[in-house]
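Participant: File follows, coords.txt with compact mmCIF, N, CA and C atoms and all ligand atoms:
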# COMPACT_ATOMS: atom_id res chain seq x y z
N MET A 1309 200.95 125.08 161.81
CA MET A 1309 200.43 124.12 162.78
C MET A 1309 200.87 124.50 164.19
N ALA A 1310 199.96 124.38 165.14
CA ALA A 1310 200.20 124.87 166.49
C ALA A 1310 201.21 124.01 167.27
N VAL A 1311 201.21 122.72 167.01
CA VAL A 1311 202.00 121.80 167.81
C VAL A 1311 202.93 121.00 166.89
N THR A 1312 204.14 120.73 167.36
CA THR A 1312 205.02 119.87 166.58
C THR A 1312 204.99 118.47 167.17
N TRP A 1313 205.43 117.51 166.36
CA TRP A 1313 205.38 116.13 166.81
C TRP A 1313 206.20 115.94 168.09
N ASP A 1314 207.27 116.73 168.23
CA ASP A 1314 208.12 116.60 169.42
C ASP A 1314 207.39 117.03 170.68
N GLU A 1315 206.42 117.93 170.52
CA GLU A 1315 205.69 118.43 171.70
C GLU A 1315 204.55 117.51 172.10
N VAL A 1316 204.26 116.55 171.25
CA VAL A 1316 203.09 115.71 171.47
C VAL A 1316 203.13 115.02 172.83
N ARG A 1317 204.30 114.51 173.17
CA ARG A 1317 204.46 113.80 174.43
C ARG A 1317 204.00 114.65 175.62
N ASP A 1318 204.46 115.92 175.66
CA ASP A 1318 204.07 116.81 176.76
C ASP A 1318 202.57 117.09 176.74
N ARG A 1319 202.06 117.30 175.54
CA ARG A 1319 200.63 117.62 175.44
C ARG A 1319 199.78 116.42 175.88
N LEU A 1320 200.22 115.23 175.55
CA LEU A 1320 199.48 114.04 175.98
C LEU A 1320 199.53 113.91 177.50
N HIS A 1321 200.68 114.20 178.06
CA HIS A 1321 200.84 114.17 179.52
C HIS A 1321 199.86 115.11 180.19
N GLU A 1322 199.75 116.34 179.62
CA GLU A 1322 198.84 117.34 180.19
C GLU A 1322 197.41 116.81 180.21
N ARG A 1323 197.09 115.98 179.21
CA ARG A 1323 195.73 115.42 179.13
C ARG A 1323 195.60 114.14 179.96
N GLY A 1324 196.62 113.81 180.68
CA GLY A 1324 196.55 112.64 181.54
C GLY A 1324 196.79 111.33 180.81
N LEU A 1325 197.35 111.40 179.60
CA LEU A 1325 197.66 110.17 178.87
C LEU A 1325 199.14 109.84 179.03
N ARG A 1326 199.40 108.64 179.47
CA ARG A 1326 200.78 108.24 179.67
C ARG A 1326 201.46 108.00 178.32
N TRP A 1327 202.77 108.20 178.33
CA TRP A 1327 203.56 108.01 177.12
C TRP A 1327 203.97 106.55 177.05
N THR A 1328 203.16 105.75 176.39
CA THR A 1328 203.38 104.31 176.33
C THR A 1328 204.01 103.94 174.98
N PRO A 1329 204.60 102.75 174.90
CA PRO A 1329 205.16 102.31 173.60
C PRO A 1329 204.12 102.34 172.48
N GLN A 1330 202.87 101.95 172.80
CA GLN A 1330 201.82 101.98 171.77
C GLN A 1330 201.59 103.38 171.25
N ARG A 1331 201.56 104.34 172.17
CA ARG A 1331 201.31 105.72 171.75
C ARG A 1331 202.50 106.26 170.97
N ARG A 1332 203.70 105.91 171.44
CA ARG A 1332 204.89 106.37 170.74
C ARG A 1332 204.88 105.83 169.30
N LEU A 1333 204.50 104.56 169.16
CA LEU A 1333 204.45 103.95 167.83
C LEU A 1333 203.41 104.66 166.96
N LEU A 1334 202.25 104.94 167.53
CA LEU A 1334 201.19 105.62 166.77
C LEU A 1334 201.67 106.98 166.26
N ILE A 1335 202.30 107.75 167.14
CA ILE A 1335 202.82 109.07 166.76
C ILE A 1335 203.85 108.91 165.65
N ASP A 1336 204.67 107.89 165.80
CA ASP A 1336 205.71 107.63 164.82
C ASP A 1336 205.09 107.31 163.45
N VAL A 1337 204.09 106.44 163.45
CA VAL A 1337 203.42 106.06 162.20
C VAL A 1337 202.75 107.30 161.59
N LEU A 1338 202.09 108.08 162.43
CA LEU A 1338 201.43 109.30 161.92
C LEU A 1338 202.43 110.27 161.31
N SER A 1339 203.56 110.42 161.96
CA SER A 1339 204.53 111.40 161.47
C SER A 1339 205.14 110.97 160.14
N ARG A 1340 205.01 109.68 159.82
CA ARG A 1340 205.53 109.18 158.54
C ARG A 1340 204.43 109.13 157.47
N THR A 1341 203.22 109.54 157.85
CA THR A 1341 202.08 109.45 156.92
C THR A 1341 201.84 110.79 156.25
N ASP A 1342 201.72 110.77 154.94
CA ASP A 1342 201.35 111.99 154.23
C ASP A 1342 199.91 111.88 153.78
N GLY A 1343 199.15 112.93 153.97
CA GLY A 1343 197.78 112.91 153.47
C GLY A 1343 196.82 112.24 154.40
N HIS A 1344 195.88 111.48 153.83
CA HIS A 1344 194.75 110.96 154.60
C HIS A 1344 194.92 109.52 154.99
N ILE A 1345 194.37 109.17 156.14
CA ILE A 1345 194.44 107.77 156.58
C ILE A 1345 193.24 107.49 157.49
N THR A 1346 192.68 106.31 157.38
CA THR A 1346 191.55 105.97 158.25
C THR A 1346 192.08 105.37 159.55
N GLY A 1347 191.22 105.36 160.57
CA GLY A 1347 191.61 104.76 161.85
C GLY A 1347 191.98 103.29 161.66
N ALA A 1348 191.21 102.59 160.83
CA ALA A 1348 191.48 101.16 160.60
C ALA A 1348 192.84 100.95 159.95
N GLU A 1349 193.19 101.82 159.00
CA GLU A 1349 194.50 101.72 158.35
C GLU A 1349 195.62 101.98 159.35
N LEU A 1350 195.37 102.93 160.26
CA LEU A 1350 196.38 103.23 161.28
C LEU A 1350 196.58 102.03 162.21
N VAL A 1351 195.48 101.43 162.62
CA VAL A 1351 195.57 100.26 163.49
C VAL A 1351 196.39 99.17 162.77
N GLU A 1352 196.09 98.99 161.49
CA GLU A 1352 196.80 97.98 160.69
C GLU A 1352 198.30 98.26 160.63
N ARG A 1353 198.65 99.53 160.35
CA ARG A 1353 200.08 99.87 160.24
C ARG A 1353 200.80 99.73 161.57
N CYS A 1354 200.10 100.09 162.65
CA CYS A 1354 200.71 99.93 163.97
C CYS A 1354 200.88 98.44 164.29
N ARG A 1355 199.87 97.66 163.94
CA ARG A 1355 199.93 96.22 164.22
C ARG A 1355 201.04 95.54 163.46
N ALA A 1356 201.34 96.07 162.27
CA ALA A 1356 202.44 95.49 161.48
C ALA A 1356 203.75 95.60 162.24
N GLU A 1357 203.87 96.64 163.08
CA GLU A 1357 205.11 96.84 163.84
C GLU A 1357 204.99 96.36 165.27
N ASP A 1358 203.77 96.38 165.82
CA ASP A 1358 203.54 95.89 167.17
C ASP A 1358 202.18 95.19 167.21
N PRO A 1359 202.20 93.85 167.12
CA PRO A 1359 200.96 93.08 167.05
C PRO A 1359 200.05 93.28 168.27
N GLU A 1360 200.60 93.83 169.35
CA GLU A 1360 199.81 94.04 170.57
C GLU A 1360 198.93 95.28 170.51
N THR A 1361 199.09 96.08 169.47
CA THR A 1361 198.34 97.33 169.37
C THR A 1361 196.85 97.11 169.54
N THR A 1362 196.24 97.89 170.44
CA THR A 1362 194.79 97.76 170.64
C THR A 1362 194.07 98.94 169.98
N PRO A 1363 193.03 98.64 169.20
CA PRO A 1363 192.30 99.70 168.50
C PRO A 1363 191.80 100.79 169.45
N SER A 1364 191.33 100.42 170.66
CA SER A 1364 190.77 101.44 171.55
C SER A 1364 191.82 102.47 171.93
N THR A 1365 193.05 102.03 172.12
CA THR A 1365 194.13 102.97 172.44
C THR A 1365 194.39 103.90 171.26
N VAL A 1366 194.40 103.31 170.07
CA VAL A 1366 194.65 104.12 168.87
C VAL A 1366 193.55 105.19 168.74
N TYR A 1367 192.30 104.78 168.85
CA TYR A 1367 191.20 105.74 168.64
C TYR A 1367 191.15 106.80 169.73
N ARG A 1368 191.43 106.39 170.97
CA ARG A 1368 191.41 107.38 172.06
C ARG A 1368 192.53 108.40 171.88
N THR A 1369 193.69 107.92 171.45
CA THR A 1369 194.81 108.83 171.23
C THR A 1369 194.52 109.77 170.06
N LEU A 1370 193.88 109.24 169.02
CA LEU A 1370 193.52 110.08 167.87
C LEU A 1370 192.60 111.22 168.29
N ASP A 1371 191.65 110.92 169.18
CA ASP A 1371 190.75 111.97 169.69
C ASP A 1371 191.54 113.10 170.32
N VAL A 1372 192.52 112.72 171.15
CA VAL A 1372 193.31 113.74 171.84
C VAL A 1372 194.19 114.51 170.85
N LEU A 1373 194.76 113.80 169.89
CA LEU A 1373 195.60 114.47 168.89
C LEU A 1373 194.79 115.48 168.08
N GLU A 1374 193.53 115.15 167.86
CA GLU A 1374 192.67 116.10 167.15
C GLU A 1374 192.35 117.29 168.04
N ASP A 1375 192.11 117.01 169.31
CA ASP A 1375 191.86 118.07 170.30
C ASP A 1375 192.99 119.09 170.33
N ILE A 1376 194.21 118.61 170.25
CA ILE A 1376 195.35 119.52 170.36
C ILE A 1376 195.77 120.04 168.99
N GLY A 1377 195.01 119.70 167.95
CA GLY A 1377 195.20 120.35 166.65
C GLY A 1377 196.24 119.73 165.75
N LEU A 1378 196.67 118.53 166.07
CA LEU A 1378 197.72 117.92 165.26
C LEU A 1378 197.16 117.20 164.03
N ILE A 1379 195.96 116.70 164.16
CA ILE A 1379 195.31 116.04 163.03
C ILE A 1379 193.87 116.55 162.97
N ARG A 1380 193.22 116.31 161.85
CA ARG A 1380 191.79 116.62 161.74
C ARG A 1380 191.11 115.45 161.08
N HIS A 1381 189.80 115.33 161.31
CA HIS A 1381 189.11 114.27 160.59
C HIS A 1381 188.05 114.86 159.67
N ALA A 1382 187.80 114.12 158.59
CA ALA A 1382 186.68 114.43 157.70
C ALA A 1382 185.98 113.10 157.47
N HIS A 1383 184.94 113.11 156.62
CA HIS A 1383 184.20 111.88 156.41
C HIS A 1383 184.26 111.42 154.97
N GLY A 1384 184.54 110.16 154.78
CA GLY A 1384 184.57 109.57 153.45
C GLY A 1384 183.17 109.23 152.97
N LEU A 1385 183.10 108.57 151.83
CA LEU A 1385 181.81 108.26 151.20
C LEU A 1385 180.87 107.51 152.12
N ASP A 1386 181.37 106.56 152.85
CA ASP A 1386 180.51 105.76 153.72
C ASP A 1386 180.40 106.37 155.12
N GLY A 1387 180.88 107.60 155.27
CA GLY A 1387 180.77 108.28 156.55
C GLY A 1387 181.92 107.98 157.50
N ARG A 1388 182.78 107.05 157.13
CA ARG A 1388 183.89 106.71 158.02
C ARG A 1388 184.85 107.89 158.14
N GLU A 1389 185.53 107.95 159.27
CA GLU A 1389 186.44 109.06 159.51
C GLU A 1389 187.77 108.84 158.79
N GLU A 1390 188.22 109.90 158.14
CA GLU A 1390 189.55 109.90 157.53
C GLU A 1390 190.32 111.02 158.17
N PHE A 1391 191.52 110.71 158.63
CA PHE A 1391 192.30 111.72 159.32
C PHE A 1391 193.26 112.39 158.36
N HIS A 1392 193.32 113.71 158.41
CA HIS A 1392 194.32 114.43 157.64
C HIS A 1392 195.49 114.60 158.57
N VAL A 1393 196.62 114.17 158.11
CA VAL A 1393 197.83 114.36 158.88
C VAL A 1393 198.51 115.62 158.39
N ARG A 1394 198.84 116.51 159.31
CA ARG A 1394 199.48 117.77 158.99
C ARG A 1394 198.87 118.46 157.78
N PRO A 1395 197.58 118.78 157.82
CA PRO A 1395 197.03 119.48 156.66
C PRO A 1395 197.73 120.82 156.46
N ALA A 1396 198.22 121.05 155.23
CA ALA A 1396 198.95 122.29 154.95
C ALA A 1396 197.99 123.47 154.98
N ARG A 1397 196.75 123.24 154.58
CA ARG A 1397 195.74 124.30 154.62
C ARG A 1397 194.42 123.63 154.92
N GLU A 1398 193.51 124.40 155.51
CA GLU A 1398 192.20 123.84 155.79
C GLU A 1398 191.52 123.55 154.46
N HIS A 1399 190.89 122.40 154.37
CA HIS A 1399 190.21 122.05 153.12
C HIS A 1399 189.08 121.06 153.37
N GLY A 1400 188.10 121.09 152.46
CA GLY A 1400 187.05 120.09 152.46
C GLY A 1400 187.33 119.07 151.37
N HIS A 1401 186.36 118.24 151.05
CA HIS A 1401 186.59 117.18 150.07
C HIS A 1401 185.42 116.98 149.13
N LEU A 1402 185.75 116.65 147.89
CA LEU A 1402 184.77 116.17 146.92
C LEU A 1402 184.95 114.66 146.82
N HIS A 1403 183.86 113.93 146.86
CA HIS A 1403 183.95 112.46 146.74
C HIS A 1403 183.13 112.00 145.54
N CYS A 1404 183.75 111.22 144.65
CA CYS A 1404 183.01 110.66 143.52
C CYS A 1404 182.46 109.29 143.93
N THR A 1405 181.14 109.14 143.77
CA THR A 1405 180.50 107.87 144.18
C THR A 1405 180.80 106.74 143.21
N VAL A 1406 181.25 107.08 141.99
CA VAL A 1406 181.49 106.03 140.99
C VAL A 1406 182.92 105.46 141.12
N CYS A 1407 183.92 106.32 141.03
CA CYS A 1407 185.30 105.83 141.08
C CYS A 1407 185.88 105.88 142.50
N GLN A 1408 185.13 106.48 143.44
CA GLN A 1408 185.54 106.54 144.85
C GLN A 1408 186.75 107.43 145.10
N ARG A 1409 187.16 108.20 144.09
CA ARG A 1409 188.28 109.10 144.33
C ARG A 1409 187.81 110.32 145.11
N ALA A 1410 188.78 111.04 145.69
CA ALA A 1410 188.46 112.26 146.44
C ALA A 1410 189.41 113.38 146.03
N TRP A 1411 188.92 114.60 146.09
CA TRP A 1411 189.74 115.77 145.79
C TRP A 1411 189.57 116.78 146.91
N GLU A 1412 190.59 117.58 147.11
CA GLU A 1412 190.50 118.62 148.13
C GLU A 1412 189.81 119.85 147.55
N ILE A 1413 189.01 120.52 148.35
CA ILE A 1413 188.46 121.81 147.95
C ILE A 1413 188.93 122.85 148.97
N GLY A 1414 189.36 123.98 148.44
CA GLY A 1414 189.89 125.04 149.29
C GLY A 1414 188.84 126.10 149.58
N ALA A 1415 189.22 127.05 150.43
CA ALA A 1415 188.30 128.11 150.82
C ALA A 1415 187.79 128.89 149.61
N ASP A 1416 188.66 129.09 148.62
CA ASP A 1416 188.26 129.85 147.42
C ASP A 1416 187.15 129.13 146.65
N ASP A 1417 187.22 127.80 146.62
CA ASP A 1417 186.25 127.02 145.85
C ASP A 1417 184.83 127.19 146.37
N VAL A 1418 184.70 127.41 147.65
CA VAL A 1418 183.35 127.45 148.25
C VAL A 1418 183.03 128.81 148.89
N ALA A 1419 183.83 129.83 148.51
CA ALA A 1419 183.66 131.15 149.13
C ALA A 1419 182.22 131.67 148.99
N GLY A 1420 181.64 131.52 147.78
CA GLY A 1420 180.28 132.02 147.53
C GLY A 1420 179.27 131.35 148.44
N LEU A 1421 179.37 130.05 148.52
CA LEU A 1421 178.46 129.24 149.34
C LEU A 1421 178.60 129.60 150.83
N VAL A 1422 179.85 129.67 151.27
CA VAL A 1422 180.12 129.95 152.69
C VAL A 1422 179.59 131.34 153.07
N GLU A 1423 179.83 132.32 152.19
CA GLU A 1423 179.36 133.68 152.46
C GLU A 1423 177.84 133.74 152.50
N GLU A 1424 177.20 133.02 151.60
CA GLU A 1424 175.74 133.03 151.54
C GLU A 1424 175.13 132.40 152.80
N PHE A 1425 175.69 131.30 153.27
CA PHE A 1425 175.19 130.68 154.50
C PHE A 1425 175.37 131.63 155.69
N GLU A 1426 176.51 132.29 155.70
CA GLU A 1426 176.80 133.21 156.80
C GLU A 1426 175.81 134.39 156.77
N ARG A 1427 175.62 134.93 155.56
CA ARG A 1427 174.76 136.12 155.40
C ARG A 1427 173.29 135.78 155.66
N ALA A 1428 172.79 134.73 155.01
CA ALA A 1428 171.37 134.44 155.05
C ALA A 1428 170.94 133.73 156.35
N ARG A 1429 171.83 132.93 156.89
CA ARG A 1429 171.42 132.12 158.06
C ARG A 1429 172.27 132.34 159.29
N GLY A 1430 173.31 133.14 159.14
CA GLY A 1430 174.21 133.32 160.27
C GLY A 1430 174.94 132.03 160.59
N PHE A 1431 175.07 131.17 159.57
CA PHE A 1431 175.64 129.85 159.78
C PHE A 1431 177.09 129.83 159.32
N ARG A 1432 177.99 129.39 160.19
CA ARG A 1432 179.40 129.32 159.80
C ARG A 1432 179.75 127.90 159.38
N VAL A 1433 180.23 127.78 158.16
CA VAL A 1433 180.60 126.47 157.62
C VAL A 1433 181.97 126.06 158.13
N ASP A 1434 182.08 124.83 158.58
CA ASP A 1434 183.36 124.26 159.00
C ASP A 1434 183.97 123.57 157.78
N LEU A 1435 184.80 124.32 157.06
CA LEU A 1435 185.34 123.82 155.78
C LEU A 1435 186.06 122.48 155.94
N GLY A 1436 186.82 122.35 157.02
CA GLY A 1436 187.58 121.12 157.21
C GLY A 1436 186.72 119.89 157.42
N HIS A 1437 185.43 120.12 157.62
CA HIS A 1437 184.50 119.02 157.89
C HIS A 1437 183.51 118.85 156.75
N LEU A 1438 183.76 119.58 155.66
CA LEU A 1438 182.80 119.60 154.56
C LEU A 1438 183.13 118.51 153.54
N SER A 1439 182.16 117.63 153.31
CA SER A 1439 182.31 116.60 152.29
C SER A 1439 181.18 116.74 151.29
N VAL A 1440 181.52 116.85 150.00
CA VAL A 1440 180.51 116.96 148.96
C VAL A 1440 180.58 115.71 148.11
N VAL A 1441 179.43 115.06 147.94
CA VAL A 1441 179.37 113.80 147.22
C VAL A 1441 178.74 114.02 145.86
N GLY A 1442 179.30 113.40 144.82
CA GLY A 1442 178.75 113.54 143.48
C GLY A 1442 179.47 112.63 142.51
N VAL A 1443 179.48 113.02 141.22
CA VAL A 1443 180.12 112.21 140.18
C VAL A 1443 181.14 113.09 139.46
N CYS A 1444 182.35 112.60 139.32
CA CYS A 1444 183.43 113.41 138.74
C CYS A 1444 183.33 113.46 137.21
N ARG A 1445 184.11 114.35 136.63
CA ARG A 1445 184.05 114.57 135.18
C ARG A 1445 184.40 113.29 134.42
N ASP A 1446 185.45 112.60 134.83
CA ASP A 1446 185.87 111.38 134.12
C ASP A 1446 184.74 110.36 134.09
N CYS A 1447 184.10 110.18 135.24
CA CYS A 1447 183.03 109.19 135.33
C CYS A 1447 181.80 109.62 134.53
N ARG A 1448 181.53 110.92 134.54
CA ARG A 1448 180.40 111.42 133.74
C ARG A 1448 180.69 111.22 132.26
N ASP A 1449 181.92 111.53 131.83
CA ASP A 1449 182.29 111.34 130.41
C ASP A 1449 182.16 109.88 130.02
N ALA A 1450 182.68 109.02 130.88
CA ALA A 1450 182.70 107.58 130.57
C ALA A 1450 181.29 107.00 130.49
N ALA A 1451 180.40 107.51 131.36
CA ALA A 1451 179.05 106.94 131.41
C ALA A 1451 178.04 107.81 130.66
N ASP A 1452 178.56 108.91 130.07
CA ASP A 1452 177.70 109.84 129.35
C ASP A 1452 176.58 110.37 130.25
N LEU A 1453 176.95 110.75 131.50
CA LEU A 1453 175.95 111.26 132.45
C LEU A 1453 175.79 112.79 132.32
ZN ZN A 1501 183.04 114.33 161.85
ZN ZN A 1502 191.95 116.18 153.24
ZN ZN A 1503 184.70 109.42 139.40
Here is a file; write its structure as structure tokens.
Ligand SMILES: [Zn+2]
Ligand SMILES: [Zn+2]
Ligand SMILES: [Zn+2]
Facilitator:
Amino acid sequence: MAVTWDEVRDRLHERGLRWTPQRRLLIDVLSRTDGHITGAELVERCRAEDPETTPSTVYRTLDVLEDIGLIRHAHGLDGREEFHVRPAREHGHLHCTVCQRAWEIGADDVAGLVEEFERARGFRVDLGHLSVVGVCRDCRDAADL
């Protein structure tokens, strides 16, 4: 990862964002989060510690944090943004429409597809933004699909 949580303050300053208690709290909550979290969940967790938290500040700060490479977003089943906190490796997601669970897919899983798009169309796939929707094995077994 290019930036550490300690450097965030300086990077936010460079972008003209003041280091406010709300932002400090957001960074703190993010640094304690493993895996994926939605903007709404973040607002909720921040509000639990500071009821004054405003969603617009949270979302604007998230945009900048993504700009500087600290977090990334992907899209869940309903299209809502889910933020990956400190992704260890770039990955896309499989979403099951029945049980609503999600799994990570790595570069190896989609290498054939990615190469074919690149070769045939000159199109570069953004793996971290790739969401594939379908039905998982458990749900297919259970429903005999
Ligand atoms: Zn997106
Ligand atoms: Zn993810
Ligand atoms: Zn399922």
Participant: Just give me the gap between atom N of Thr1369 (chain A) and atom N of Arg1331 (chain A) in Å, one decimal is fine.
Facilitator: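 Here the two named atoms are 8.7 Å from each other.
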Participant: Please write out the residues within 6 Å of ligand ZN 1501 (chain A) as JSON, numbers by chain, counting all atoms listed in the file.
Facilitator: {"A": [1381, 1382, 1383]}
Participant: Give me, as a ChimeraX atom specification, the set of residues whose atoms come within 7 Å of any atom of ligand ZN 1502 (chain A), counting only N, CA and C atoms and all ligand atoms.
Facilitator: /A:1343-1344,1391-1392,1395,1399-1401,1411-1412
Participant: Would you save the residues of that selection, restricted to N, CA and C atoms, as an mmCIF file, keeping the file's coordinate frame?
Facilitator:
data_model
loop_
_atom_site.group_PDB
_atom_site.id
_atom_site.type_symbol
_atom_site.label_atom_id
_atom_site.label_comp_id
_atom_site.auth_asym_id
_atom_site.auth_seq_id
_atom_site.Cartn_x
_atom_site.Cartn_y
_atom_site.Cartn_z
ATOM 1 N N GLY A 1343 199.150 112.930 153.970
ATOM 2 C CA GLY A 1343 197.780 112.910 153.470
ATOM 3 C C GLY A 1343 196.820 112.240 154.400
ATOM 4 N N HIS A 1344 195.880 111.480 153.830
ATOM 5 C CA HIS A 1344 194.750 110.960 154.600
ATOM 6 C C HIS A 1344 194.920 109.520 154.990
ATOM 7 N N PHE A 1391 191.520 110.710 158.630
ATOM 8 C CA PHE A 1391 192.300 111.720 159.320
ATOM 9 C C PHE A 1391 193.260 112.390 158.360
ATOM 10 N N HIS A 1392 193.320 113.710 158.410
ATOM 11 C CA HIS A 1392 194.320 114.430 157.640
ATOM 12 C C HIS A 1392 195.490 114.600 158.570
ATOM 13 N N PRO A 1395 197.580 118.780 157.820
ATOM 14 C CA PRO A 1395 197.030 119.480 156.660
ATOM 15 C C PRO A 1395 197.730 120.820 156.460
ATOM 16 N N HIS A 1399 190.890 122.400 154.370
ATOM 17 C CA HIS A 1399 190.210 122.050 153.120
ATOM 18 C C HIS A 1399 189.080 121.060 153.370
ATOM 19 N N GLY A 1400 188.100 121.090 152.460
ATOM 20 C CA GLY A 1400 187.050 120.090 152.460
ATOM 21 C C GLY A 1400 187.330 119.070 151.370
ATOM 22 N N HIS A 1401 186.360 118.240 151.050
ATOM 23 C CA HIS A 1401 186.590 117.180 150.070
ATOM 24 C C HIS A 1401 185.420 116.980 149.130
ATOM 25 N N TRP A 1411 188.920 114.600 146.090
ATOM 26 C CA TRP A 1411 189.740 115.770 145.790
ATOM 27 C C TRP A 1411 189.570 116.780 146.910
ATOM 28 N N GLU A 1412 190.590 117.580 147.110
ATOM 29 C CA GLU A 1412 190.500 118.620 148.130
ATOM 30 C C GLU A 1412 189.810 119.850 147.550
#
Participant: Enumerate as a PDB file with N, CA and C atoms, in the frame of the given file the residues within 12 Å of ligand ZN 1503 (chain A), counting only C-alpha atoms and all ligand atoms.
Facilitator:
ATOM      1  N   LEU A1402     185.750 116.650 147.890  1.00  0.00           N
ATOM      2  CA  LEU A1402     184.770 116.170 146.920  1.00  0.00           C
ATOM      3  C   LEU A1402     184.950 114.660 146.820  1.00  0.00           C
ATOM      4  N   HIS A1403     183.860 113.930 146.860  1.00  0.00           N
ATOM      5  CA  HIS A1403     183.950 112.460 146.740  1.00  0.00           C
ATOM      6  C   HIS A1403     183.130 112.000 145.540  1.00  0.00           C
ATOM      7  N   CYS A1404     183.750 111.220 144.650  1.00  0.00           N
ATOM      8  CA  CYS A1404     183.010 110.660 143.520  1.00  0.00           C
ATOM      9  C   CYS A1404     182.460 109.290 143.930  1.00  0.00           C
ATOM     10  N   THR A1405     181.140 109.140 143.770  1.00  0.00           N
ATOM     11  CA  THR A1405     180.500 107.870 144.180  1.00  0.00           C
ATOM     12  C   THR A1405     180.800 106.740 143.210  1.00  0.00           C
ATOM     13  N   VAL A1406     181.250 107.080 141.990  1.00  0.00           N
ATOM     14  CA  VAL A1406     181.490 106.030 140.990  1.00  0.00           C
ATOM     15  C   VAL A1406     182.920 105.460 141.120  1.00  0.00           C
ATOM     16  N   CYS A1407     183.920 106.320 141.030  1.00  0.00           N
ATOM     17  CA  CYS A1407     185.300 105.830 141.080  1.00  0.00           C
ATOM     18  C   CYS A1407     185.880 105.880 142.500  1.00  0.00           C
ATOM     19  N   GLN A1408     185.130 106.480 143.440  1.00  0.00           N
ATOM     20  CA  GLN A1408     185.540 106.540 144.850  1.00  0.00           C
ATOM     21  C   GLN A1408     186.750 107.430 145.100  1.00  0.00           C
ATOM     22  N   ARG A1409     187.160 108.200 144.090  1.00  0.00           N
ATOM     23  CA  ARG A1409     188.280 109.100 144.330  1.00  0.00           C
ATOM     24  C   ARG A1409     187.810 110.320 145.110  1.00  0.00           C
ATOM     25  N   ALA A1410     188.780 111.040 145.690  1.00  0.00           N
ATOM     26  CA  ALA A1410     188.460 112.260 146.440  1.00  0.00           C
ATOM     27  C   ALA A1410     189.410 113.380 146.030  1.00  0.00           C
ATOM     28  N   TRP A1411     188.920 114.600 146.090  1.00  0.00           N
ATOM     29  CA  TRP A1411     189.740 115.770 145.790  1.00  0.00           C
ATOM     30  C   TRP A1411     189.570 116.780 146.910  1.00  0.00           C
ATOM     31  N   VAL A1441     179.430 115.060 147.940  1.00  0.00           N
ATOM     32  CA  VAL A1441     179.370 113.800 147.220  1.00  0.00           C
ATOM     33  C   VAL A1441     178.740 114.020 145.860  1.00  0.00           C
ATOM     34  N   GLY A1442     179.300 113.400 144.820  1.00  0.00           N
ATOM     35  CA  GLY A1442     178.750 113.540 143.480  1.00  0.00           C
ATOM     36  C   GLY A1442     179.470 112.630 142.510  1.00  0.00           C
ATOM     37  N   VAL A1443     179.480 113.020 141.220  1.00  0.00           N
ATOM     38  CA  VAL A1443     180.120 112.210 140.180  1.00  0.00           C
ATOM     39  C   VAL A1443     181.140 113.090 139.460  1.00  0.00           C
ATOM     40  N   CYS A1444     182.350 112.600 139.320  1.00  0.00           N
ATOM     41  CA  CYS A1444     183.430 113.410 138.740  1.00  0.00           C
ATOM     42  C   CYS A1444     183.330 113.460 137.210  1.00  0.00           C
ATOM     43  N   ARG A1445     184.110 114.350 136.630  1.00  0.00           N
ATOM     44  CA  ARG A1445     184.050 114.570 135.180  1.00  0.00           C
ATOM     45  C   ARG A1445     184.400 113.290 134.420  1.00  0.00           C
ATOM     46  N   ASP A1446     185.450 112.600 134.830  1.00  0.00           N
ATOM     47  CA  ASP A1446     185.870 111.380 134.120  1.00  0.00           C
ATOM     48  C   ASP A1446     184.740 110.360 134.090  1.00  0.00           C
ATOM     49  N   CYS A1447     184.100 110.180 135.240  1.00  0.00           N
ATOM     50  CA  CYS A1447     183.030 109.190 135.330  1.00  0.00           C
ATOM     51  C   CYS A1447     181.800 109.620 134.530  1.00  0.00           C
ATOM     52  N   ARG A1448     181.530 110.920 134.540  1.00  0.00           N
ATOM     53  CA  ARG A1448     180.400 111.420 133.740  1.00  0.00           C
ATOM     54  C   ARG A1448     180.690 111.220 132.260  1.00  0.00           C
ATOM     55  N   ASP A1449     181.920 111.530 131.830  1.00  0.00           N
ATOM     56  CA  ASP A1449     182.290 111.340 130.410  1.00  0.00           C
ATOM     57  C   ASP A1449     182.160 109.880 130.020  1.00  0.00           C
ATOM     58  N   ALA A1450     182.680 109.020 130.880  1.00  0.00           N
ATOM     59  CA  ALA A1450     182.700 107.580 130.570  1.00  0.00           C
ATOM     60  C   ALA A1450     181.290 107.000 130.490  1.00  0.00           C
ATOM     61  N   ALA A1451     180.400 107.510 131.360  1.00  0.00           N
ATOM     62  CA  ALA A1451     179.050 106.940 131.410  1.00  0.00           C
ATOM     63  C   ALA A1451     178.040 107.810 130.660  1.00  0.00           C
ATOM     64  N   LEU A1453     176.950 110.750 131.500  1.00  0.00           N
ATOM     65  CA  LEU A1453     175.950 111.260 132.450  1.00  0.00           C
ATOM     66  C   LEU A1453     175.790 112.790 132.320  1.00  0.00           C
TER      67      LEU A1453
END
Participant: Go through A:Asp1371, A:Arg1380, A:Glu1390, A:Arg1319 one by one, measure the shortest atom-to-atom distance of each to Glu1349 (chain A) using only C-alpha atoms, and give the residue with the smallest value.
Facilitator: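 Of the candidates, the smallest distance to Glu1349 (chain A) is held by A:Glu1390.
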Participant: Could you please write out, as number ranges by chain, every residue of chain A that DSSP assigns to strand (DSSP E)?
Facilitator: A: 1343-1346, 1379-1383, 1389-1393, 1400-1404, 1410-1413, 1439-1442
Participant: Quick one: of A:Ile1413, A:Ile1345, A:Leu1325, A:Leu1438, who's nearest to Val1393 (chain A), counting only N, CA and C atoms?
Facilitator: A:Ile1345
Participant: Please report the interatomic distance between atom N of Ser1439 (chain A) and CA of Gly1384 (chain A) in Å with one decimal.
Facilitator: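 Rounded to one decimal, the two atoms are 8.4 Å apart.
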Participant: Adding 4 Å on each side of the box along x, y and z that holds all listed atoms of region 1414-1420 of chain A, could you give its centre and edge lengths in Å to one decimal, as JSON?
Facilitator:
{"center_x": 184.6, "center_y": 128.0, "center_z": 148.3, "size_x": 18.6, "size_y": 16.0, "size_z": 13.0}
Participant: Which is closest to Thr1361 (chain A) among A:Val1422, A:Arg1323, A:Leu1373, A:Gln1330, if we use all atoms listed in the file?
Facilitator: A:Gln1330
